[in-house]
Every structure is written in structure tokens, then in C-alpha cells.
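J.: Dropping the structure in here first, questions after.
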Amino acid sequence: MQVVANVDEADIAGIDEGARVTFTVDAYPDDVFEGRVKQVRLGSANSSSSSSTTSSSTTVVTYEVVISADNPDLKLKPRLTANVTIFTQTREGVARVSNKALRFTPEPGIIGKRTVTDTDAPHKVWTLEGNAFVAHPVRTGLSDGQHTEILDGISEGTRIVTGTIVSGTTDAAAQGPALADGERSPFMPKRPGEKSKK
């Protein structure tokens with residue numbers, strides 16, 4: 001089975017033949033299918049979109065990428081809509097943080113009586129040390145849109161602030177580990193059957 005994906009011109013440079021692909025189709029949203037890039041077609045296509053509130057229009061240039069995929073259960077059928085993820089680079093065994101952690105800034109409304117020790121760095125994460133928010137400059141690597149690789153600046157396993165939870169007149173810092181595999185806020189309810197960690 002072949003899947004033809006339209007890839008934006010801004011993303012086409014990183015796609016090579018043989019790259020790993022995963023995709024879902026609307027007919028089977030819980031099934032993840034695997035494939036490989038078979039061909040990157042050189043011809044581009046233009047599509048225009050316009051806004052009803054303005055008279056301007058935008059032209060989007062896309063390239064067709066042909067993906068080869070096995071179809072042993074015959075679930076894939078012609079003209080199904082596919083949502084495709086093409087892997088251009090991969091990293092294994094790296095420290096990563098939620099992108100929420102890189103966007104977090106202790107605002108005046110959530111600081112309360114805590115102090116803030118900031119740093120002038122393009123990328124930083126925050127820890128809550130006693131009664132103080134402390135910024136740590138970090139060097140970032142790859143990002144998958146939800147998590148970002150941390151090359152250095154903070155030790156693996158360090159609990160970092162990803163946001164705040166406000167309840168009544170009190171607030172609490174939601175923290176997550178720097179290694180984000182299985183990352184979630186300790187304030188989230190536990191899954192059924194999951195034991196509490198002490």
C-alpha cells in the first residue's frame with residue numbers, strides 16, 4: 001500500500017528516502033501503522049487559502065512524499081485520510097523535558113511570598129528550592145513538538161517546574177523530572193491500579 005503525504009516546503013529538506021514513518025487513519029484512530037519513505041517527488045504543488053475577514057491570501061507550497069506501508073489486515077483502503085509522522089532524526093537514551101518547562105516563567109501572580117533567582121539565558125528551566133524559584137540555563141537539542149532534548153545545564157532526574165496549580169488562595173508548583181519518560185505532574189490523579197510512591 002502507498003500513502004501520498006503533502007509535506008510543507010519548510011519541512012521537506014530533512015526528509016530522505018528510507019526514513020521511518022508512522023501514521024494513523026481516521027477510520028482506525030487507535031491503530032498506528034508503520035511505513036518507509038519510498039520517494040520524494042520533485043514537483044511542488046501550490047494551494048491558496050484566504051481569510052474572510054481580510055482580502056489577503058496565502059500560497060502554501062507542498063511536496064508529495066510517497067510512503068510504502070504493509071497492509072496485512074487490509075485495513076488500509078484507497079482515499080483514506082492519513083495523519084503522518086516522518087522521523088527525520090532520532091535520539092535514544094537522552095534527557096528531555098516537557099516543552100511546558102521551557103515556557104514556564106514565575107509570574108508575579110503566582111510567586112506569592114517566594115523569591116525568584118533568574119538568569120539571562122535563551123533557554124532555561126526552573127526548580128523550586130525551598131521557598132525560591134531558581135532558573136537554570138540549559139542547552140537544548142532536538143524537539144518532537146512536545147518534549148525537548150537537554151544537552152547540558154541540569155542533571156538528569158532533577159525535578160523541574162512545569163507550571164502552577166491554583167486552588168482557592170493557595171498555589172503549588174507542578175514539577176516533573178528532567179528525564180521526561182513517563183513524565184507527569186504529581187498533582188495528577190493516579191491511573192487505576194497504580195501504587196503511590198513514597
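If you're wondering about the labels, chains in the C-alpha cells are A, B, ... by order shown, residues count from 1 in each chain, ligands from 1 in order shown.
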Please provide as number ranges by chain all residues within 12 Å of Val65 (chain A), with the sequence filter that same-chain residues fewer than 6 positions apart are discarded (counting only C-alpha atoms).
T.: A: 2-9, 11-19, 21, 35-45, 84-86
J.: Could you save those same residues with N, CA and C atoms as a compact mmCIF listing (two decimals), in the first residue's frame?
T.:
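Dumped to part_34.txt:
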# COMPACT_ATOMS: atom_id res chain seq x y z
N GLN A 2 0.46 2.26 -0.74
CA GLN A 2 1.19 3.51 -0.77
C GLN A 2 0.36 4.63 -0.17
N VAL A 3 1.01 5.46 0.61
CA VAL A 3 0.40 6.66 1.17
C VAL A 3 1.12 7.85 0.56
N VAL A 4 0.37 8.81 0.06
CA VAL A 4 0.96 10.02 -0.51
C VAL A 4 0.68 11.17 0.45
N ALA A 5 1.76 11.72 1.03
CA ALA A 5 1.62 12.80 2.01
C ALA A 5 2.08 14.11 1.38
N ASN A 6 1.38 15.18 1.68
CA ASN A 6 1.78 16.52 1.25
C ASN A 6 2.58 17.16 2.37
N VAL A 7 3.85 17.46 2.10
CA VAL A 7 4.76 18.00 3.11
C VAL A 7 5.08 19.45 2.77
N ASP A 8 4.97 20.31 3.77
CA ASP A 8 5.25 21.73 3.60
C ASP A 8 6.70 21.94 3.18
N GLU A 9 6.93 22.97 2.36
CA GLU A 9 8.28 23.25 1.86
C GLU A 9 9.27 23.51 3.00
N ASP A 11 9.55 21.87 5.66
CA ASP A 11 9.94 20.61 6.29
C ASP A 11 10.55 19.61 5.33
N ILE A 12 10.50 19.87 4.03
CA ILE A 12 10.88 18.86 3.05
C ILE A 12 12.38 18.57 3.05
N ALA A 13 13.21 19.54 3.46
CA ALA A 13 14.66 19.37 3.37
C ALA A 13 15.17 18.22 4.23
N GLY A 14 14.51 17.91 5.32
CA GLY A 14 15.00 16.88 6.22
C GLY A 14 14.50 15.49 5.90
N ILE A 15 13.75 15.31 4.82
CA ILE A 15 13.13 14.02 4.54
C ILE A 15 13.91 13.29 3.45
N ASP A 16 14.37 12.07 3.77
CA ASP A 16 15.13 11.26 2.83
C ASP A 16 14.42 9.94 2.58
N GLU A 17 14.73 9.34 1.45
CA GLU A 17 14.18 8.02 1.15
C GLU A 17 14.65 7.02 2.21
N GLY A 18 13.73 6.17 2.63
CA GLY A 18 14.04 5.17 3.65
C GLY A 18 13.72 5.61 5.07
N ALA A 19 13.34 6.88 5.25
CA ALA A 19 13.02 7.38 6.59
C ALA A 19 11.81 6.63 7.16
N VAL A 21 8.36 6.01 9.08
CA VAL A 21 7.09 6.75 9.11
C VAL A 21 6.10 6.00 9.98
N GLY A 35 5.58 2.56 8.16
CA GLY A 35 5.98 2.59 6.76
C GLY A 35 7.34 3.21 6.58
N ARG A 36 7.78 3.33 5.34
CA ARG A 36 9.05 3.95 5.00
C ARG A 36 8.84 4.89 3.81
N VAL A 37 9.62 5.98 3.80
CA VAL A 37 9.56 6.90 2.67
C VAL A 37 10.15 6.19 1.46
N LYS A 38 9.36 6.11 0.40
CA LYS A 38 9.80 5.45 -0.83
C LYS A 38 10.30 6.46 -1.85
N GLN A 39 9.67 7.64 -1.89
CA GLN A 39 10.05 8.62 -2.90
C GLN A 39 9.66 10.02 -2.43
N VAL A 40 10.53 10.98 -2.71
CA VAL A 40 10.21 12.39 -2.51
C VAL A 40 10.09 13.00 -3.90
N ARG A 41 8.90 13.34 -4.33
CA ARG A 41 8.68 13.84 -5.68
C ARG A 41 9.17 15.28 -5.81
N LEU A 42 9.86 15.55 -6.90
CA LEU A 42 10.48 16.85 -7.08
C LEU A 42 9.49 17.94 -7.43
N GLY A 43 8.38 17.58 -8.05
CA GLY A 43 7.39 18.60 -8.42
C GLY A 43 6.65 19.11 -7.20
N SER A 44 6.46 20.41 -7.12
CA SER A 44 5.74 21.01 -5.99
C SER A 44 4.33 21.37 -6.41
N ALA A 45 3.48 21.57 -5.43
CA ALA A 45 2.10 21.98 -5.67
C ALA A 45 1.80 23.22 -4.86
N VAL A 84 0.27 11.73 9.25
CA VAL A 84 1.58 11.12 9.08
C VAL A 84 2.64 11.80 9.94
N THR A 85 3.50 10.98 10.55
CA THR A 85 4.69 11.45 11.24
C THR A 85 5.91 10.83 10.56
N ILE A 86 6.81 11.68 10.04
CA ILE A 86 8.02 11.22 9.38
C ILE A 86 9.20 11.50 10.31
J.: Which residues are close to region 100-114 of chain A, i.e. within 7 Å by only C-alpha atoms, leaving aside same-chain residues fewer than 2 positions away? Reply as a PyMOL selection string.
T.: chain A and resi 97-98+116+123-125+131-132+161-163+171
